[in-house]
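start_23.cif follows; it contains mmCIF, C-alpha atoms (C1' of nucleotides).
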```
data_coords
#
loop_
_atom_site.label_atom_id
_atom_site.label_comp_id
_atom_site.auth_asym_id
_atom_site.auth_seq_id
_atom_site.Cartn_x
_atom_site.Cartn_y
_atom_site.Cartn_z
CA MET D 11 23.04 -4.69 11.70
CA THR D 12 22.15 -6.68 14.78
CA GLU D 13 20.21 -9.29 12.79
CA PRO D 14 17.04 -8.04 11.19
CA HIS D 15 17.23 -11.02 8.86
CA GLU D 16 14.86 -13.64 9.94
CA PRO D 17 13.24 -14.96 6.74
CA ALA D 18 11.18 -12.03 5.47
CA LEU D 19 8.70 -14.12 3.52
CA ASP D 20 7.90 -16.32 6.48
CA ARG D 21 7.11 -13.21 8.50
CA ILE D 22 4.70 -12.04 5.82
CA ARG D 23 3.02 -15.41 5.60
CA ALA D 24 2.39 -15.28 9.33
CA LEU D 25 0.75 -11.86 9.12
CA PRO D 26 -2.98 -11.73 9.84
CA SER D 27 -3.61 -9.95 6.55
CA TRP D 28 -1.93 -12.75 4.64
CA LEU D 29 -3.67 -15.52 6.56
CA LEU D 30 -6.96 -13.72 6.19
CA ASN D 31 -6.56 -13.64 2.44
CA ARG D 32 -5.69 -17.32 2.31
CA ALA D 33 -8.53 -18.37 4.61
CA SER D 34 -10.98 -16.19 2.75
CA ALA D 35 -9.92 -17.65 -0.57
CA ARG D 36 -10.35 -21.13 0.82
CA GLY D 37 -13.80 -20.24 2.10
CA ARG D 38 -14.82 -18.78 -1.23
CA ARG D 39 -13.64 -21.88 -3.00
CA LEU D 40 -15.54 -24.18 -0.66
CA LEU D 41 -18.71 -22.07 -0.80
CA GLY D 42 -18.38 -21.70 -4.54
CA GLU D 43 -18.15 -25.43 -5.07
CA ALA D 44 -21.11 -26.04 -2.78
CA PHE D 45 -23.37 -23.42 -4.34
CA ALA D 46 -22.38 -24.40 -7.86
CA ARG D 47 -24.60 -27.44 -7.43
CA GLU D 48 -27.54 -25.02 -7.46
CA GLY D 49 -25.98 -22.96 -10.22
CA LEU D 50 -25.65 -20.01 -7.86
CA ARG D 51 -22.96 -18.18 -5.95
CA MET D 52 -22.53 -16.64 -2.54
CA PRO D 53 -24.22 -13.29 -3.23
CA HIS D 54 -27.32 -15.07 -4.45
CA HIS D 55 -27.61 -16.81 -1.12
CA ALA D 56 -27.37 -13.59 0.84
CA VAL D 57 -29.85 -11.73 -1.33
CA LEU D 58 -32.30 -14.62 -1.30
CA ALA D 59 -32.09 -14.64 2.49
CA ALA D 60 -32.63 -10.91 2.69
CA VAL D 61 -35.71 -11.17 0.52
CA ALA D 62 -37.01 -14.01 2.66
CA ASP D 63 -36.54 -11.90 5.75
CA SER D 64 -38.04 -8.68 4.52
CA GLY D 65 -40.89 -9.75 2.32
CA PRO D 66 -41.41 -7.61 -0.75
CA VAL D 67 -38.57 -5.12 -0.62
CA ALA D 68 -36.83 -2.64 -2.89
CA GLN D 69 -33.46 -3.35 -4.47
CA ALA D 70 -31.74 -0.44 -2.78
CA ALA D 71 -32.90 -1.71 0.60
CA LEU D 72 -31.48 -5.13 -0.25
CA GLY D 73 -28.23 -3.46 -1.15
CA ARG D 74 -28.05 -1.73 2.20
CA MET D 75 -28.84 -4.93 4.06
CA THR D 76 -26.30 -7.10 2.29
CA GLY D 77 -23.66 -4.47 1.57
CA PHE D 78 -23.61 -5.26 -2.13
CA ASP D 79 -23.16 -2.57 -4.69
CA PRO D 80 -26.35 -1.55 -6.52
CA LYS D 81 -24.60 -2.43 -9.74
CA ASP D 82 -23.97 -5.98 -8.61
CA MET D 83 -27.47 -6.25 -7.17
CA VAL D 84 -28.93 -5.85 -10.66
CA GLY D 85 -27.08 -8.88 -11.94
CA ILE D 86 -27.80 -10.98 -8.88
CA LEU D 87 -31.52 -10.28 -9.11
CA ASN D 88 -31.50 -10.91 -12.85
CA ASP D 89 -30.12 -14.37 -12.13
CA LEU D 90 -32.58 -15.08 -9.33
CA GLN D 91 -35.50 -13.82 -11.38
CA ARG D 92 -34.49 -15.85 -14.43
CA ALA D 93 -34.27 -18.92 -12.22
CA GLY D 94 -37.76 -18.20 -10.88
CA PHE D 95 -36.66 -17.67 -7.29
CA VAL D 96 -37.81 -14.06 -6.97
CA THR D 97 -40.32 -11.84 -8.71
CA ARG D 98 -39.52 -8.26 -9.64
CA THR D 99 -42.66 -6.17 -9.97
CA PRO D 100 -43.00 -2.39 -10.10
CA ASP D 101 -44.03 -0.96 -6.74
CA PRO D 102 -47.41 0.73 -7.28
CA GLY D 103 -46.81 3.04 -4.33
CA ASP D 104 -43.42 4.26 -5.56
CA ARG D 105 -42.79 3.86 -9.22
CA ARG D 106 -39.03 4.17 -8.78
CA LYS D 107 -38.91 0.94 -6.85
CA ASN D 108 -39.02 -2.68 -7.76
CA ALA D 109 -40.78 -4.89 -5.25
CA ILE D 110 -38.67 -8.01 -4.92
CA ALA D 111 -40.58 -10.98 -3.54
CA LEU D 112 -39.70 -14.59 -2.87
CA THR D 113 -41.36 -17.43 -4.76
CA ALA D 114 -42.06 -20.85 -3.35
CA GLU D 115 -39.19 -22.22 -5.40
CA GLY D 116 -37.03 -19.44 -4.04
CA ARG D 117 -37.82 -20.38 -0.47
CA SER D 118 -37.10 -24.02 -1.17
CA CYS D 119 -33.81 -23.12 -2.85
CA LEU D 120 -32.89 -20.91 0.08
CA HIS D 121 -33.21 -23.86 2.42
CA ARG D 122 -30.96 -25.93 0.21
CA LEU D 123 -28.44 -23.11 -0.01
CA ALA D 124 -28.45 -22.66 3.74
CA ARG D 125 -27.69 -26.31 4.19
CA LEU D 126 -24.92 -26.27 1.59
CA GLY D 127 -23.49 -23.13 3.15
CA ASP D 128 -23.47 -24.66 6.60
CA GLU D 129 -21.76 -27.78 5.35
CA ALA D 130 -19.10 -25.76 3.55
CA ASN D 131 -18.49 -23.72 6.69
CA GLU D 132 -18.05 -26.85 8.72
CA ALA D 133 -15.48 -28.04 6.25
CA LEU D 134 -13.83 -24.63 6.41
CA LEU D 135 -13.41 -24.86 10.17
CA GLY D 136 -12.71 -28.56 10.02
CA ALA D 137 -9.34 -28.22 11.72
CA LEU D 138 -10.86 -26.61 14.82
CA THR D 139 -12.65 -28.09 17.78
CA PRO D 140 -16.19 -26.84 18.48
CA ALA D 141 -14.95 -24.62 21.28
CA GLU D 142 -12.23 -23.21 19.08
CA ARG D 143 -14.71 -22.56 16.30
CA GLU D 144 -16.86 -20.47 18.57
CA GLN D 145 -13.88 -18.56 19.87
CA PHE D 146 -12.50 -18.03 16.40
CA THR D 147 -15.80 -16.79 15.01
CA ALA D 148 -16.24 -14.35 17.87
CA LEU D 149 -12.78 -12.88 17.40
CA LEU D 150 -13.20 -12.83 13.64
CA ALA D 151 -16.43 -10.90 13.93
CA ARG D 152 -14.63 -8.17 15.84
CA VAL D 153 -11.83 -8.02 13.29
CA ALA D 154 -14.30 -7.85 10.43
CA GLN D 155 -16.05 -4.96 12.14
CA GLU D 156 -15.46 -1.86 10.10
CA ARG D 157 -16.42 0.63 12.75
CA GLU D 158 -14.08 1.79 15.42
CA GLU D 159 -15.65 1.85 18.83
CA GLY D 160 -14.60 5.43 19.17
CA PRO D 161 -12.63 6.91 22.02
CA VAL D 162 -12.36 4.16 24.55
CA ALA D 163 -13.23 6.41 27.45
CA MET M 2 -44.62 -23.90 10.59
CA THR M 3 -42.91 -24.42 13.94
CA GLU M 4 -40.51 -21.52 13.48
CA PRO M 5 -37.62 -22.10 11.15
CA HIS M 6 -37.58 -18.36 10.61
CA GLU M 7 -34.88 -16.72 12.55
CA PRO M 8 -33.57 -13.94 10.29
CA ALA M 9 -31.81 -15.76 7.48
CA LEU M 10 -29.52 -12.90 6.54
CA ASP M 11 -28.26 -12.48 10.09
CA ARG M 12 -27.34 -16.14 10.13
CA ILE M 13 -25.35 -15.71 6.94
CA ARG M 14 -23.58 -12.63 8.22
CA ALA M 15 -22.49 -14.61 11.27
CA LEU M 16 -21.02 -17.39 9.15
CA PRO M 17 -17.22 -17.73 9.19
CA SER M 18 -17.12 -17.60 5.41
CA TRP M 19 -18.95 -14.25 5.41
CA LEU M 20 -16.85 -12.78 8.21
CA LEU M 21 -13.69 -14.04 6.56
CA ASN M 22 -14.59 -12.22 3.37
CA ARG M 23 -15.33 -9.02 5.22
CA ALA M 24 -12.21 -9.16 7.35
CA SER M 25 -10.08 -10.04 4.37
CA ALA M 26 -11.50 -7.14 2.39
CA ARG M 27 -10.78 -4.82 5.27
CA GLY M 28 -7.24 -6.10 5.48
CA ARG M 29 -6.70 -5.66 1.78
CA ARG M 30 -7.99 -2.13 1.96
CA LEU M 31 -5.72 -1.25 4.89
CA LEU M 32 -2.70 -2.88 3.29
CA GLY M 33 -3.50 -1.33 -0.04
CA GLU M 34 -3.68 2.16 1.40
CA ALA M 35 -0.44 1.64 3.29
CA PHE M 36 1.53 0.24 0.35
CA ALA M 37 0.11 2.82 -2.04
CA ARG M 38 2.48 5.31 -0.44
CA GLU M 39 5.29 3.34 -2.07
CA GLY M 40 3.33 2.87 -5.26
CA LEU M 41 3.23 -0.87 -4.67
CA ARG M 42 0.78 -3.52 -3.60
CA MET M 43 0.73 -6.58 -1.42
CA PRO M 44 2.21 -9.06 -3.91
CA HIS M 45 5.17 -6.78 -4.48
CA HIS M 46 5.94 -6.96 -0.79
CA ALA M 47 5.85 -10.73 -0.73
CA VAL M 48 7.96 -11.15 -3.84
CA LEU M 49 10.48 -8.58 -2.66
CA ALA M 50 10.75 -10.47 0.61
CA ALA M 51 11.19 -13.79 -1.18
CA VAL M 52 13.98 -12.34 -3.31
CA ALA M 53 15.64 -10.90 -0.21
CA ASP M 54 15.51 -14.32 1.44
CA SER M 55 16.73 -16.42 -1.44
CA GLY M 56 19.30 -14.25 -3.15
CA PRO M 57 19.34 -14.52 -6.93
CA VAL M 58 16.51 -16.85 -7.73
CA ALA M 59 14.41 -17.92 -10.71
CA GLN M 60 10.87 -16.66 -11.24
CA ALA M 61 9.31 -20.09 -11.04
CA ALA M 62 10.96 -20.64 -7.68
CA LEU M 63 9.53 -17.34 -6.48
CA GLY M 64 6.13 -18.44 -7.66
CA ARG M 65 6.36 -21.66 -5.68
CA MET M 66 7.48 -19.79 -2.56
CA THR M 67 4.81 -17.13 -2.62
CA GLY M 68 2.01 -19.13 -4.22
CA PHE M 69 1.51 -16.58 -6.97
CA ASP M 70 0.64 -17.62 -10.47
CA PRO M 71 3.52 -17.43 -12.98
CA LYS M 72 1.33 -15.13 -15.05
CA ASP M 73 1.01 -12.65 -12.23
CA MET M 74 4.67 -13.00 -11.30
CA VAL M 75 5.64 -11.53 -14.66
CA GLY M 76 3.72 -8.34 -13.96
CA ILE M 77 4.92 -8.05 -10.38
CA LEU M 78 8.55 -8.39 -11.42
CA ASN M 79 8.04 -5.97 -14.28
CA ASP M 80 6.87 -3.40 -11.74
CA LEU M 81 9.70 -4.10 -9.32
CA GLN M 82 12.27 -4.05 -12.08
CA ARG M 83 10.94 -0.80 -13.52
CA ALA M 84 11.12 0.72 -10.05
CA GLY M 85 14.72 -0.44 -9.74
CA PHE M 86 14.10 -2.75 -6.78
CA VAL M 87 15.16 -5.98 -8.48
CA THR M 88 17.34 -6.91 -11.43
CA ARG M 89 16.31 -9.54 -13.93
CA THR M 90 19.32 -11.04 -15.68
CA PRO M 91 19.51 -14.22 -17.75
CA ASP M 92 20.95 -17.09 -15.78
CA PRO M 93 24.18 -18.09 -17.54
CA GLY M 94 23.95 -21.61 -16.16
CA ASP M 95 20.39 -22.20 -17.38
CA ARG M 96 19.26 -20.00 -20.19
CA ARG M 97 15.60 -20.66 -19.47
CA LYS M 98 15.83 -18.91 -16.15
CA ASN M 99 15.92 -15.33 -15.09
CA ALA M 100 18.06 -14.62 -12.06
CA ILE M 101 16.12 -12.18 -9.92
CA ALA M 102 18.27 -10.25 -7.48
CA LEU M 103 17.59 -7.52 -4.98
CA THR M 104 19.07 -4.04 -5.38
CA ALA M 105 20.06 -1.77 -2.53
CA GLU M 106 16.97 0.33 -3.21
CA GLY M 107 14.93 -2.85 -3.17
CA ARG M 108 16.23 -3.80 0.24
CA SER M 109 15.53 -0.35 1.57
CA CYS M 110 12.03 -0.40 0.13
CA LEU M 111 11.42 -3.83 1.62
CA HIS M 112 12.16 -2.44 5.08
CA ARG M 113 9.70 0.37 4.53
CA LEU M 114 7.09 -2.05 3.24
CA ALA M 115 7.58 -4.33 6.22
CA ARG M 116 7.01 -1.42 8.53
CA LEU M 117 3.91 -0.24 6.66
CA GLY M 118 2.59 -3.80 6.59
CA ASP M 119 3.08 -4.22 10.30
CA GLU M 120 1.31 -0.95 11.04
CA ALA M 121 -1.61 -1.89 8.84
CA ASN M 122 -1.88 -5.25 10.56
CA GLU M 123 -1.95 -3.59 13.92
CA ALA M 124 -4.78 -1.40 12.74
CA LEU M 125 -6.50 -4.49 11.36
CA LEU M 126 -6.42 -6.21 14.74
CA GLY M 127 -6.99 -2.96 16.60
CA ALA M 128 -10.13 -4.23 18.29
CA LEU M 129 -8.28 -7.12 19.93
CA THR M 130 -6.08 -7.26 22.98
CA PRO M 131 -2.52 -8.57 22.50
CA ALA M 132 -3.46 -11.95 23.94
CA GLU M 133 -6.51 -12.15 21.68
CA ARG M 134 -4.42 -11.23 18.66
CA GLU M 135 -2.07 -14.10 19.29
CA GLN M 136 -4.93 -16.51 19.81
CA PHE M 137 -6.75 -15.27 16.74
CA THR M 138 -3.70 -15.52 14.52
CA ALA M 139 -2.99 -19.05 15.69
CA LEU M 140 -6.53 -20.20 14.98
CA LEU M 141 -6.59 -18.34 11.69
CA ALA M 142 -3.41 -20.04 10.56
CA ARG M 143 -5.07 -23.42 11.05
CA VAL M 144 -8.17 -22.35 9.15
CA ALA M 145 -6.08 -20.98 6.30
CA GLN M 146 -4.25 -24.30 6.12
CA GLU M 147 -5.24 -26.03 2.93
CA ARG M 148 -4.02 -29.45 3.89
CA GLU M 149 -6.06 -31.82 5.95
CA GLU M 150 -4.06 -33.53 8.65
CA GLY M 151 -5.39 -36.80 7.38
CA PRO M 152 -7.14 -39.49 9.43
CA VAL M 153 -6.87 -38.37 13.02
CA ALA M 154 -5.88 -41.89 13.98
"C1'" DG I 8 -43.34 23.96 -8.49
"C1'" DG I 9 -38.52 23.85 -7.94
"C1'" DA I 10 -34.61 22.02 -5.40
"C1'" DT I 11 -33.00 17.89 -3.44
"C1'" DG I 12 -32.39 13.28 -3.23
"C1'" DT I 13 -33.45 8.40 -3.99
"C1'" DC I 14 -34.20 4.27 -7.25
"C1'" DG I 15 -32.73 1.15 -10.76
"C1'" DT I 16 -29.65 0.79 -14.44
"C1'" DT I 17 -25.47 1.06 -17.31
"C1'" DG I 18 -20.56 1.42 -17.81
"C1'" DG I 19 -16.11 0.96 -16.17
"C1'" DT I 20 -11.79 -0.12 -12.78
"C1'" DG I 21 -8.83 -2.82 -9.93
"C1'" DG I 22 -7.23 -6.75 -7.29
"C1'" DT I 23 -6.85 -11.68 -6.33
"C1'" DC I 24 -6.79 -16.27 -8.00
"C1'" DC I 25 -6.77 -19.80 -11.58
"C1'" DC I 26 -6.09 -22.24 -16.14
"C1'" DA I 27 -4.30 -23.19 -21.05
"C1'" DA I 28 -0.94 -22.77 -24.46
"C1'" DC I 29 3.35 -21.42 -26.70
"C1'" DG I 30 8.39 -21.01 -28.03
"C1'" DG I 31 12.66 -21.82 -25.92
"C1'" DT I 32 15.76 -24.58 -23.27
"C1'" DA I 33 17.75 -28.53 -20.22
"C1'" DG I 34 18.25 -33.18 -19.10
"C1'" DG I 35 17.64 -38.11 -19.53
"C1'" DC I 36 18.05 -42.06 -22.46
"C1'" DG I 37 18.79 -44.79 -26.16
"C1'" DC O 12 24.16 -38.04 -31.63
"C1'" DG O 13 18.88 -37.44 -31.69
"C1'" DC O 14 14.64 -37.88 -29.34
"C1'" DC O 15 11.36 -37.25 -25.69
"C1'" DT O 16 10.03 -35.32 -21.53
"C1'" DA O 17 9.92 -31.71 -18.40
"C1'" DC O 18 10.59 -27.18 -16.98
"C1'" DC O 19 11.24 -21.90 -17.89
"C1'" DG O 20 9.17 -17.36 -18.76
"C1'" DT O 21 5.56 -15.25 -21.28
"C1'" DT O 22 1.05 -14.29 -23.28
"C1'" DG O 23 -3.90 -14.49 -23.30
"C1'" DG O 24 -7.85 -15.64 -21.18
"C1'" DG O 25 -11.56 -15.97 -17.33
"C1'" DA O 26 -14.11 -15.88 -12.79
"C1'" DC O 27 -15.24 -13.51 -8.77
"C1'" DC O 28 -15.47 -9.85 -5.44
"C1'" DA O 29 -15.30 -4.93 -4.28
"C1'" DC O 30 -15.87 -0.24 -5.74
"C1'" DC O 31 -17.05 4.22 -8.17
"C1'" DA O 32 -19.42 7.61 -11.54
"C1'" DA O 33 -23.19 8.98 -14.08
"C1'" DC O 34 -27.88 8.97 -15.92
"C1'" DG O 35 -33.06 9.24 -16.54
"C1'" DA O 36 -37.06 8.49 -13.92
"C1'" DC O 37 -39.44 9.49 -10.03
"C1'" DA O 38 -40.75 11.07 -5.07
"C1'" DT O 39 -40.55 14.42 -1.47
"C1'" DC O 40 -39.86 18.54 1.08
"C1'" DC O 41 -40.38 23.23 1.38
#
```

Here is the file; what I need is its structure written in the form of structure tokens.
Amino acid sequence: MTEPHEPALDRIRALPSWLLNRASARGRRLLGEAFAREGLRMPHHAVLAAVADSGPVAQAALGRMTGFDPKDMVGILNDLQRAGFVTRTPDPGDRRKNAIALTAEGRSCLHRLARLGDEANEALLGALTPAEREQFTALLARVAQEREEGPVA
Amino acid sequence: MTEPHEPALDRIRALPSWLLNRASARGRRLLGEAFAREGLRMPHHAVLAAVADSGPVAQAALGRMTGFDPKDMVGILNDLQRAGFVTRTPDPGDRRKNAIALTAEGRSCLHRLARLGDEANEALLGALTPAEREQFTALLARVAQEREEGPVA
DNA sequence: GGATGTCGTTGGTGGTCCCAACGGTAGGCG
DNA sequence: CGCCTACCGTTGGGACCACCAACGACATCC
């Protein structure tokens, strides 16, 4: 048998997939707690930002930008609209579309959310030095990348 | 206005919390596809490994080792027991406890799962060089760490 | 003007993580 | 011995994120 029997669970807990799940859960918890003070959650922040970037914009376009499912987008926008942060008006040029636009309150809330999000992310990377944070984020971005870079040569 | 208006969504998508969610989702998808060939999922792998490490062991102890909720542990063990990978017998010494033990099939399956898990993790970190993978995993482990190291001194 | 496809919406699934409560049992202590 | 406290496994929720299928309404391309 040689000795294939180093503790199996410890090996699993050292796997990137396991650590990624743990770190992601921690991040979601931190972000969730932060955004809860505004009564919102992470997707609201992203959608609000996308609307701020792209002026009046259709829901499907928002979905493509943020990567959220159209189904979820409906609920997110319902929340934001009910809170008065976005307006949802029929697009006169294309009656299939809703034109989503940011309100003044929405812009103000977005700034608060951005601040809360930044603070939570600082707490998330609290154990790392600034240089390590930059390095970590750069590597993480490449791991998160869905697309393969194709044949290397 | 000065110009506080760099694209807000791009900033969010560069945040560690966002990247962590994406990378974690990718990892779960890769692991899920790999383990699906055995009809199991990630938690089954971890629990199977914990049982292999700790011989006959109570469910609550498994929960503490793996971090899974007792509620979820019931379902995981039901699956593993139904598949014949573990046995669940009443502990004669403490009638509250179930003694969970690994079967020969369970050990064999654990080896297959370990292999599948390793392959999926290699695919997950496919964009990184070996040195980068080591660096990334080390940093990630510190980010995943729940505990603060207290006052630095 | 008919095929094709997009838009917003509804409905549903699955996985991870977390909490509350319950009957049953063990152990400590008087 | 009897009581209280704590733990065991189990059941029943819930929240959140990710994902898919289908539908009526509408626009567009040929």

Subject >> Neighbour list for I:DT20 as number ranges by chain, cut-off 12 Å, all atoms listed in the file, skip fewer than 6 positions in-chain >> reply: O: 29-32

Subject >> Explicit residues for the PyMOL selection byres ((chain O and resi 35) around 10) (as a PyMOL selection string) >> reply: (chain I and resi 15-16) or (chain O and resi 34+36-37)

Could you superpose chain M on chain D by least squares over every Cα, matched in sequence order, and send it back as a short mmCIF file (atom, residue, chain, number, x, y, z; two decimals) with C-alpha atoms, in the coordinates of the input?
```
data_model
loop_
_atom_site.label_atom_id
_atom_site.label_comp_id
_atom_site.auth_asym_id
_atom_site.auth_seq_id
_atom_site.Cartn_x
_atom_site.Cartn_y
_atom_site.Cartn_z
CA MET M 2 24.47 -5.97 10.75
CA THR M 3 23.22 -7.28 14.09
CA GLU M 4 20.69 -9.64 12.54
CA PRO M 5 17.55 -8.07 11.21
CA HIS M 6 17.32 -11.03 8.86
CA GLU M 7 14.84 -13.53 10.03
CA PRO M 8 13.17 -14.83 6.87
CA ALA M 9 11.12 -11.91 5.61
CA LEU M 10 8.64 -14.00 3.65
CA ASP M 11 7.83 -16.20 6.63
CA ARG M 12 7.04 -13.09 8.63
CA ILE M 13 4.65 -11.93 5.94
CA ARG M 14 2.96 -15.30 5.70
CA ALA M 15 2.33 -15.17 9.44
CA LEU M 16 0.69 -11.76 9.22
CA PRO M 17 -3.06 -11.64 9.91
CA SER M 18 -3.65 -9.85 6.63
CA TRP M 19 -1.94 -12.67 4.71
CA LEU M 20 -3.71 -15.43 6.62
CA LEU M 21 -7.01 -13.63 6.25
CA ASN M 22 -6.59 -13.56 2.49
CA ARG M 23 -5.72 -17.22 2.36
CA ALA M 24 -8.53 -18.29 4.65
CA SER M 25 -11.00 -16.11 2.82
CA ALA M 26 -9.94 -17.56 -0.52
CA ARG M 27 -10.35 -21.04 0.86
CA GLY M 28 -13.79 -20.18 2.14
CA ARG M 29 -14.82 -18.71 -1.18
CA ARG M 30 -13.63 -21.80 -2.97
CA LEU M 31 -15.53 -24.12 -0.62
CA LEU M 32 -18.68 -22.03 -0.78
CA GLY M 33 -18.36 -21.65 -4.51
CA GLU M 34 -18.10 -25.39 -5.07
CA ALA M 35 -21.06 -26.01 -2.78
CA PHE M 36 -23.34 -23.40 -4.33
CA ALA M 37 -22.32 -24.36 -7.86
CA ARG M 38 -24.54 -27.41 -7.45
CA GLU M 39 -27.48 -25.00 -7.49
CA GLY M 40 -25.93 -22.91 -10.22
CA LEU M 41 -25.64 -19.97 -7.85
CA ARG M 42 -22.99 -18.13 -5.90
CA MET M 43 -22.57 -16.59 -2.50
CA PRO M 44 -24.27 -13.25 -3.19
CA HIS M 45 -27.35 -15.05 -4.45
CA HIS M 46 -27.64 -16.78 -1.12
CA ALA M 47 -27.42 -13.56 0.83
CA VAL M 48 -29.90 -11.71 -1.35
CA LEU M 49 -32.33 -14.61 -1.32
CA ALA M 50 -32.11 -14.64 2.46
CA ALA M 51 -32.68 -10.89 2.66
CA VAL M 52 -35.76 -11.18 0.47
CA ALA M 53 -37.05 -14.05 2.60
CA ASP M 54 -36.61 -11.92 5.72
CA SER M 55 -38.12 -8.71 4.47
CA GLY M 56 -40.96 -9.81 2.24
CA PRO M 57 -41.47 -7.68 -0.85
CA VAL M 58 -38.70 -5.15 -0.71
CA ALA M 59 -36.97 -2.65 -2.98
CA GLN M 60 -33.56 -3.33 -4.52
CA ALA M 61 -31.89 -0.41 -2.81
CA ALA M 62 -33.07 -1.70 0.54
CA LEU M 63 -31.60 -5.09 -0.28
CA GLY M 64 -28.35 -3.42 -1.16
CA ARG M 65 -28.22 -1.65 2.18
CA MET M 66 -28.99 -4.88 4.04
CA THR M 67 -26.43 -7.04 2.31
CA GLY M 68 -23.80 -4.40 1.60
CA PHE M 69 -23.74 -5.20 -2.10
CA ASP M 70 -23.30 -2.50 -4.67
CA PRO M 71 -26.48 -1.51 -6.55
CA LYS M 72 -24.65 -2.37 -9.75
CA ASP M 73 -24.04 -5.91 -8.64
CA MET M 74 -27.54 -6.22 -7.20
CA VAL M 75 -28.98 -5.83 -10.69
CA GLY M 76 -27.09 -8.86 -11.95
CA ILE M 77 -27.82 -10.97 -8.88
CA LEU M 78 -31.55 -10.29 -9.14
CA ASN M 79 -31.48 -10.91 -12.87
CA ASP M 80 -30.08 -14.37 -12.14
CA LEU M 81 -32.55 -15.09 -9.37
CA GLN M 82 -35.45 -13.84 -11.42
CA ARG M 83 -34.42 -15.87 -14.46
CA ALA M 84 -34.20 -18.94 -12.24
CA GLY M 85 -37.69 -18.23 -10.94
CA PHE M 86 -36.63 -17.70 -7.32
CA VAL M 87 -37.79 -14.10 -7.01
CA THR M 88 -40.31 -11.90 -8.78
CA ARG M 89 -39.52 -8.33 -9.72
CA THR M 90 -42.69 -6.27 -10.08
CA PRO M 91 -43.04 -2.49 -10.21
CA ASP M 92 -44.13 -1.06 -6.90
CA PRO M 93 -47.52 0.57 -7.49
CA GLY M 94 -47.01 2.92 -4.56
CA ASP M 95 -43.62 4.18 -5.76
CA ARG M 96 -42.93 3.74 -9.41
CA ARG M 97 -39.19 4.09 -8.93
CA LYS M 98 -39.04 0.90 -6.95
CA ASN M 99 -39.11 -2.73 -7.84
CA ALA M 100 -40.86 -4.95 -5.34
CA ILE M 101 -38.74 -8.06 -4.99
CA ALA M 102 -40.62 -11.04 -3.61
CA LEU M 103 -39.71 -14.63 -2.93
CA THR M 104 -41.33 -17.49 -4.85
CA ALA M 105 -42.02 -20.92 -3.43
CA GLU M 106 -39.11 -22.27 -5.46
CA GLY M 107 -36.98 -19.47 -4.08
CA ARG M 108 -37.80 -20.42 -0.53
CA SER M 109 -37.04 -24.04 -1.22
CA CYS M 110 -33.76 -23.14 -2.87
CA LEU M 111 -32.86 -20.91 0.06
CA HIS M 112 -33.19 -23.88 2.40
CA ARG M 113 -30.91 -25.93 0.20
CA LEU M 114 -28.41 -23.09 -0.01
CA ALA M 115 -28.44 -22.65 3.75
CA ARG M 116 -27.67 -26.30 4.18
CA LEU M 117 -24.88 -26.26 1.60
CA GLY M 118 -23.47 -23.10 3.17
CA ASP M 119 -23.46 -24.63 6.61
CA GLU M 120 -21.71 -27.75 5.37
CA ALA M 121 -19.07 -25.72 3.59
CA ASN M 122 -18.48 -23.68 6.72
CA GLU M 123 -18.03 -26.80 8.75
CA ALA M 124 -15.44 -27.99 6.27
CA LEU M 125 -13.82 -24.56 6.44
CA LEU M 126 -13.41 -24.79 10.20
CA GLY M 127 -12.71 -28.51 10.08
CA ALA M 128 -9.34 -28.14 11.76
CA LEU M 129 -10.87 -26.55 14.86
CA THR M 130 -12.66 -28.05 17.81
CA PRO M 131 -16.21 -26.81 18.51
CA ALA M 132 -14.98 -24.59 21.33
CA GLU M 133 -12.24 -23.16 19.12
CA ARG M 134 -14.73 -22.51 16.34
CA GLU M 135 -16.89 -20.44 18.62
CA GLN M 136 -13.92 -18.51 19.92
CA PHE M 137 -12.54 -17.97 16.44
CA THR M 138 -15.85 -16.75 15.06
CA ALA M 139 -16.29 -14.32 17.93
CA LEU M 140 -12.84 -12.83 17.45
CA LEU M 141 -13.26 -12.78 13.70
CA ALA M 142 -16.50 -10.86 13.99
CA ARG M 143 -14.69 -8.13 15.91
CA VAL M 144 -11.89 -7.98 13.35
CA ALA M 145 -14.37 -7.80 10.49
CA GLN M 146 -16.11 -4.92 12.25
CA GLU M 147 -15.48 -1.78 10.27
CA ARG M 148 -16.46 0.64 12.97
CA GLU M 149 -14.10 1.73 15.67
CA GLU M 150 -15.68 1.76 19.09
CA GLY M 151 -14.43 5.28 19.49
CA PRO M 152 -12.34 6.63 22.37
CA VAL M 153 -12.18 3.84 24.91
CA ALA M 154 -12.93 6.36 27.63
#
```

Subject >> Spatial neighbours of D:Leu135, 12 Å, all atoms listed in the file, chain gap at least 5 places, as a ChimeraX atom specification >> reply: /D:33-34,36-37,40,128-130,140-147 /M:16-18,21,140-147,149

Original post:
Applied to this file, what does the PyMOL selection byres ((chain M) within 9 of (chain I)) return in terms of residues, put as a list in words?
Top reply: Phe69, Asp70, Asp95, Arg96 and Arg97 of chain M

Using all atoms listed in the file, which residues of chain O come within 10 Å of chain M, and what is the closest atom pair for each, with the distance in Å to one decimal? Give it as JSON lines, sorted by chain and residue number.
```
{"residue": "O:DC18", "atom": "C1'", "partner": "M:Arg97", "partner_atom": "CA", "distance": 8.6}
{"residue": "O:DC19", "atom": "C1'", "partner": "M:Arg97", "partner_atom": "CA", "distance": 4.8}
{"residue": "O:DG20", "atom": "C1'", "partner": "M:Arg97", "partner_atom": "CA", "distance": 7.3}
{"residue": "O:DT21", "atom": "C1'", "partner": "M:Lys72", "partner_atom": "CA", "distance": 7.5}
{"residue": "O:DT22", "atom": "C1'", "partner": "M:Lys72", "partner_atom": "CA", "distance": 8.3}
{"residue": "O:DG23", "atom": "C1'", "partner": "M:Lys72", "partner_atom": "CA", "distance": 9.8}
{"residue": "O:DC28", "atom": "C1'", "partner": "M:Asn22", "partner_atom": "CA", "distance": 9.2}
{"residue": "O:DA29", "atom": "C1'", "partner": "M:Ala26", "partner_atom": "CA", "distance": 8.0}
```
